[in-house]
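Single-structure report; data block below.
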Amino acid sequence: MTLRRKTDGPDDVLGPIARAGISAGTRPNVSFEFSPPKTPEAEETLWEAIRRLEPLDPSFVSVTYGAGGSTRDRTHRTVLRMLKETRLRPAAHLTCVEASRGEVDGVIQDYWDAGIRHIVALRGDPPGQIGGAYSPRADGYANATELTAGIRAIGDFEVSVGLYPHVHPESPGVDHDIDVLKAKIDAGATRAITQFFFDVEGLLRFMDKVRAAGVTIPVSLGIMPVTNFKGLKKMAVPMGVQLPAWLGNLFEGLDKDPETRRLLACSVATEMCARLAEEGFSDFHFYTLNRADLTYAICRVLGVREPDREKEAAA
């Protein structure tokens with residue numbers, strides 16, 4: 001069961017961010033998600049973010065796979081470039097949508113041959129329909145559980161799978177979601193990554209149930225530093241992600257004030273992470289949206305920092 005922090009010490013007048021600055025706790029495991037770029041300008045922005053975050057030595061970085069496999073080639077190129085030009089450990093997203101088993105198996109084998117050893121296995125959404133009704137191909141993988149088994153049959157990959165801290169839109173309830181996760185683990189999944197969330201208390205209750213059900217694999221908590229509330233709402237509603245009223249209130253009236261939105265985004269996400277770290281969570285997965293600054297700042301609060309090369313040289 002997750003332990004709730006007791007507030008009876010001299011530093012309790014401070015918030016979780018300040019307490020994180022005082023304490024020297026264990027460095028958490030962080031990972032970063034990027035999306036393959038569509039234009040030369042977007043590629044430059046992506047690689048600026050990668051270079052900024054690379055020195056933080058994340059456990060892994062993942063590269064998304066567009067709806068219907070629409071970014072398959074770009075995902076592949078981005079992952080291979082990371083493998084060749086950085087010290088990062090890239091994980092390639094892979095979905096079941098709009099592809100036969102043979103086609104998907106070919107992608108898996110290509111990753112193995114290229115030296116990629118980590119795949120994020122997701123069922124995926126229909127092309128252009130986040131949260132849309134899914135209909136598997138007769139000759140394809142039906143879901144992420146089958147895909148996970150298929151990946152593990154081809155190579156000894158690390159396989160991360162998705163997990164909804166809120167009930168999945170197509171699920172009858174939390175217990176069903178946990179049963180699906182356990183089936184994925186039985187198929188070979190080695191890690192779960194949650195969808196982004198903003199209800200910390202709800203997340204704590206959910207993770208209590210997950211661990212009580214006997215799930216022992218690492219669970220990385222998905223963190224989304226939101227700077228555009230309208231865009232977030234458009235994305236979250238089809239996914240069934242609940243957005244609390246307080247979050248909407250914070251961003252109300254700031255459509256033309258991007259700088260204030262960025263400050264608020266950093267504040268909200270940092271406080272969430274600091275609180276969750278106090279609750280004992282040690283794995284955080286950041287949806288970077290191909291930007292580094294907010295994620296970098298949050299990591300600093302968590303104690304994830306670049307090595308001090310001058311001190312290392314002097315030692």
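Going by the structure tokens order, chains are called A, B, ..., each with residues numbered from 1, while ligands are numbered from 1 in the order shown.
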
Contacts of region 256-267 of chain A within 12 Å, only C-alpha atoms, excl. fewer than 4 positions in-chain, as a ChimeraX atom specification: /A:15-17,198,223-230,232,247-252,271-274,288,291-301

Determine, for each residue of region 161-268 of chain A having at least one atom at most 10 Å from an atom of region 18-35 of chain A, the closest pair of atoms and their separation in Å to one decimal, counting only C-alpha atoms; order by chain and ascending number, as a Markdown table.
| residue | atom | partner | partner_atom | distance |
| --- | --- | --- | --- | --- |
| A:Ser220 | CA | A:Val30 | CA | 8.2 |
| A:Leu221 | CA | A:Val30 | CA | 9.4 |
| A:Gly222 | CA | A:Ser31 | CA | 9.4 |
| A:Ile223 | CA | A:Phe32 | CA | 9.6 |

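Counting only C-alpha atoms and comparing A:Ala144, A:Leu276, A:Ala192, A:Val174, the residue that lies closest to Ala213 (chain A) is A:Val174.
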
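When only C-alpha atoms are used to measure the gap to Arg101 (chain A), the shortest distance among A:Glu85, A:Asp73, A:Asp156, A:Glu146 belongs to A:Glu146.
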
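Within region 130-252 of chain A, DSSP run on the backbone puts these residues in strand (DSSP E or B): Glu158, Val159, Ser160, Val161, Gly162, Leu163, Arg191, Ala192, Ile193, Thr194, Val219, Ser220, Leu221, Gly222 and Ile223 of chain A.
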
Okay, now the selection with all heavy atoms, as a short mmCIF file (atom, residue, chain, number, x, y, z; two decimals), in the first residue's frame?
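Wrote it out as again_1.cif, contents follow:
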data_model
loop_
_atom_site.label_atom_id
_atom_site.label_comp_id
_atom_site.auth_asym_id
_atom_site.auth_seq_id
_atom_site.Cartn_x
_atom_site.Cartn_y
_atom_site.Cartn_z
N GLU A 158 13.13 -5.36 -23.81
CA GLU A 158 12.35 -4.78 -22.73
C GLU A 158 11.08 -4.24 -23.38
O GLU A 158 11.15 -3.59 -24.42
CB GLU A 158 13.12 -3.63 -22.06
CG GLU A 158 12.33 -2.97 -20.94
CD GLU A 158 13.10 -1.88 -20.22
OE1 GLU A 158 14.29 -1.69 -20.53
OE2 GLU A 158 12.49 -1.20 -19.36
N VAL A 159 9.94 -4.52 -22.79
CA VAL A 159 8.67 -4.09 -23.37
C VAL A 159 7.89 -3.27 -22.34
O VAL A 159 7.53 -3.78 -21.28
CB VAL A 159 7.81 -5.29 -23.83
CG1 VAL A 159 6.50 -4.78 -24.44
CG2 VAL A 159 8.57 -6.14 -24.84
N SER A 160 7.67 -2.02 -22.67
CA SER A 160 6.83 -1.16 -21.85
C SER A 160 5.43 -1.13 -22.43
O SER A 160 5.26 -1.17 -23.64
CB SER A 160 7.40 0.27 -21.80
OG SER A 160 8.63 0.32 -21.11
N VAL A 161 4.44 -1.06 -21.55
CA VAL A 161 3.04 -1.03 -21.99
C VAL A 161 2.31 0.13 -21.31
O VAL A 161 2.77 0.67 -20.31
CB VAL A 161 2.33 -2.37 -21.67
CG1 VAL A 161 2.91 -3.50 -22.49
CG2 VAL A 161 2.39 -2.68 -20.17
N GLY A 162 1.18 0.51 -21.88
CA GLY A 162 0.43 1.62 -21.35
C GLY A 162 -0.46 1.22 -20.18
O GLY A 162 -0.87 0.06 -20.04
N LEU A 163 -0.76 2.23 -19.33
CA LEU A 163 -1.63 2.00 -18.18
C LEU A 163 -2.41 3.29 -17.91
O LEU A 163 -1.83 4.38 -17.86
CB LEU A 163 -0.79 1.64 -16.96
CG LEU A 163 -1.53 1.39 -15.63
CD1 LEU A 163 -2.48 0.21 -15.77
CD2 LEU A 163 -0.53 1.14 -14.52
N ARG A 191 7.59 -3.27 -17.99
CA ARG A 191 7.36 -1.95 -17.39
C ARG A 191 6.02 -1.43 -17.88
O ARG A 191 5.59 -1.73 -19.01
CB ARG A 191 8.46 -0.96 -17.78
CG ARG A 191 8.22 0.50 -17.35
CD ARG A 191 9.35 1.42 -17.81
NE ARG A 191 10.60 1.05 -17.19
CZ ARG A 191 11.01 1.46 -16.00
NH1 ARG A 191 10.24 2.28 -15.29
NH2 ARG A 191 12.16 1.06 -15.51
N ALA A 192 5.36 -0.62 -17.06
CA ALA A 192 4.15 0.09 -17.47
C ALA A 192 4.40 1.59 -17.39
O ALA A 192 5.13 2.06 -16.51
CB ALA A 192 2.96 -0.29 -16.60
N ILE A 193 3.81 2.33 -18.33
CA ILE A 193 3.90 3.79 -18.34
C ILE A 193 2.47 4.31 -18.29
O ILE A 193 1.65 3.97 -19.14
CB ILE A 193 4.60 4.30 -19.60
CG1 ILE A 193 6.01 3.72 -19.71
CG2 ILE A 193 4.65 5.83 -19.61
CD1 ILE A 193 6.70 4.04 -21.03
N THR A 194 2.16 5.15 -17.32
CA THR A 194 0.79 5.63 -17.22
C THR A 194 0.52 6.75 -18.21
O THR A 194 1.43 7.48 -18.62
CB THR A 194 0.45 6.16 -15.81
OG1 THR A 194 1.02 7.47 -15.62
CG2 THR A 194 0.93 5.23 -14.73
N VAL A 219 6.45 0.93 -12.59
CA VAL A 219 5.41 1.75 -13.21
C VAL A 219 5.92 3.19 -13.27
O VAL A 219 6.16 3.80 -12.23
CB VAL A 219 4.09 1.69 -12.43
CG1 VAL A 219 3.06 2.64 -13.06
CG2 VAL A 219 3.54 0.26 -12.40
N SER A 220 6.13 3.69 -14.47
CA SER A 220 6.56 5.07 -14.66
C SER A 220 5.33 5.97 -14.74
O SER A 220 4.42 5.71 -15.54
CB SER A 220 7.39 5.21 -15.94
OG SER A 220 8.60 4.48 -15.84
N LEU A 221 5.31 7.00 -13.93
CA LEU A 221 4.17 7.91 -13.90
C LEU A 221 4.29 8.94 -15.01
O LEU A 221 5.29 9.66 -15.09
CB LEU A 221 4.08 8.61 -12.54
CG LEU A 221 4.02 7.68 -11.31
CD1 LEU A 221 3.86 8.51 -10.05
CD2 LEU A 221 2.89 6.67 -11.45
N GLY A 222 3.28 9.03 -15.86
CA GLY A 222 3.31 9.94 -17.00
C GLY A 222 3.00 11.37 -16.57
O GLY A 222 1.93 11.64 -16.03
N ILE A 223 3.93 12.28 -16.83
CA ILE A 223 3.79 13.68 -16.42
C ILE A 223 3.72 14.56 -17.66
O ILE A 223 4.62 14.53 -18.51
CB ILE A 223 4.97 14.12 -15.54
CG1 ILE A 223 5.11 13.19 -14.33
CG2 ILE A 223 4.82 15.58 -15.12
CD1 ILE A 223 3.94 13.19 -13.38
#

Residue set, region 224-264 of chain A restricted to helix (DSSP H, G or I), as a PyMOL selection string: chain A and resi 229-239+245-251+258-264

8 Å contact set for Leu203 (chain A), only C-alpha atoms, chain neighbours under 4 positions out, as JSON, numbers by chain: {"A": [165, 166, 197, 199, 207]}

Selection: 9 Å around Thr78 (chain A), only C-alpha atoms, excl. self and same-chain fewer than 4 positions, as an NGL selection string: :A and (35-37 or 63 or 73-74 or 82-83)

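CA of His76 (chain A) is positioned 16.4 Å from CA of Pro40 (chain A).
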
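The space between CA of Ala189 (chain A) and CA of Arg81 (chain A) spans 25.4 Å.
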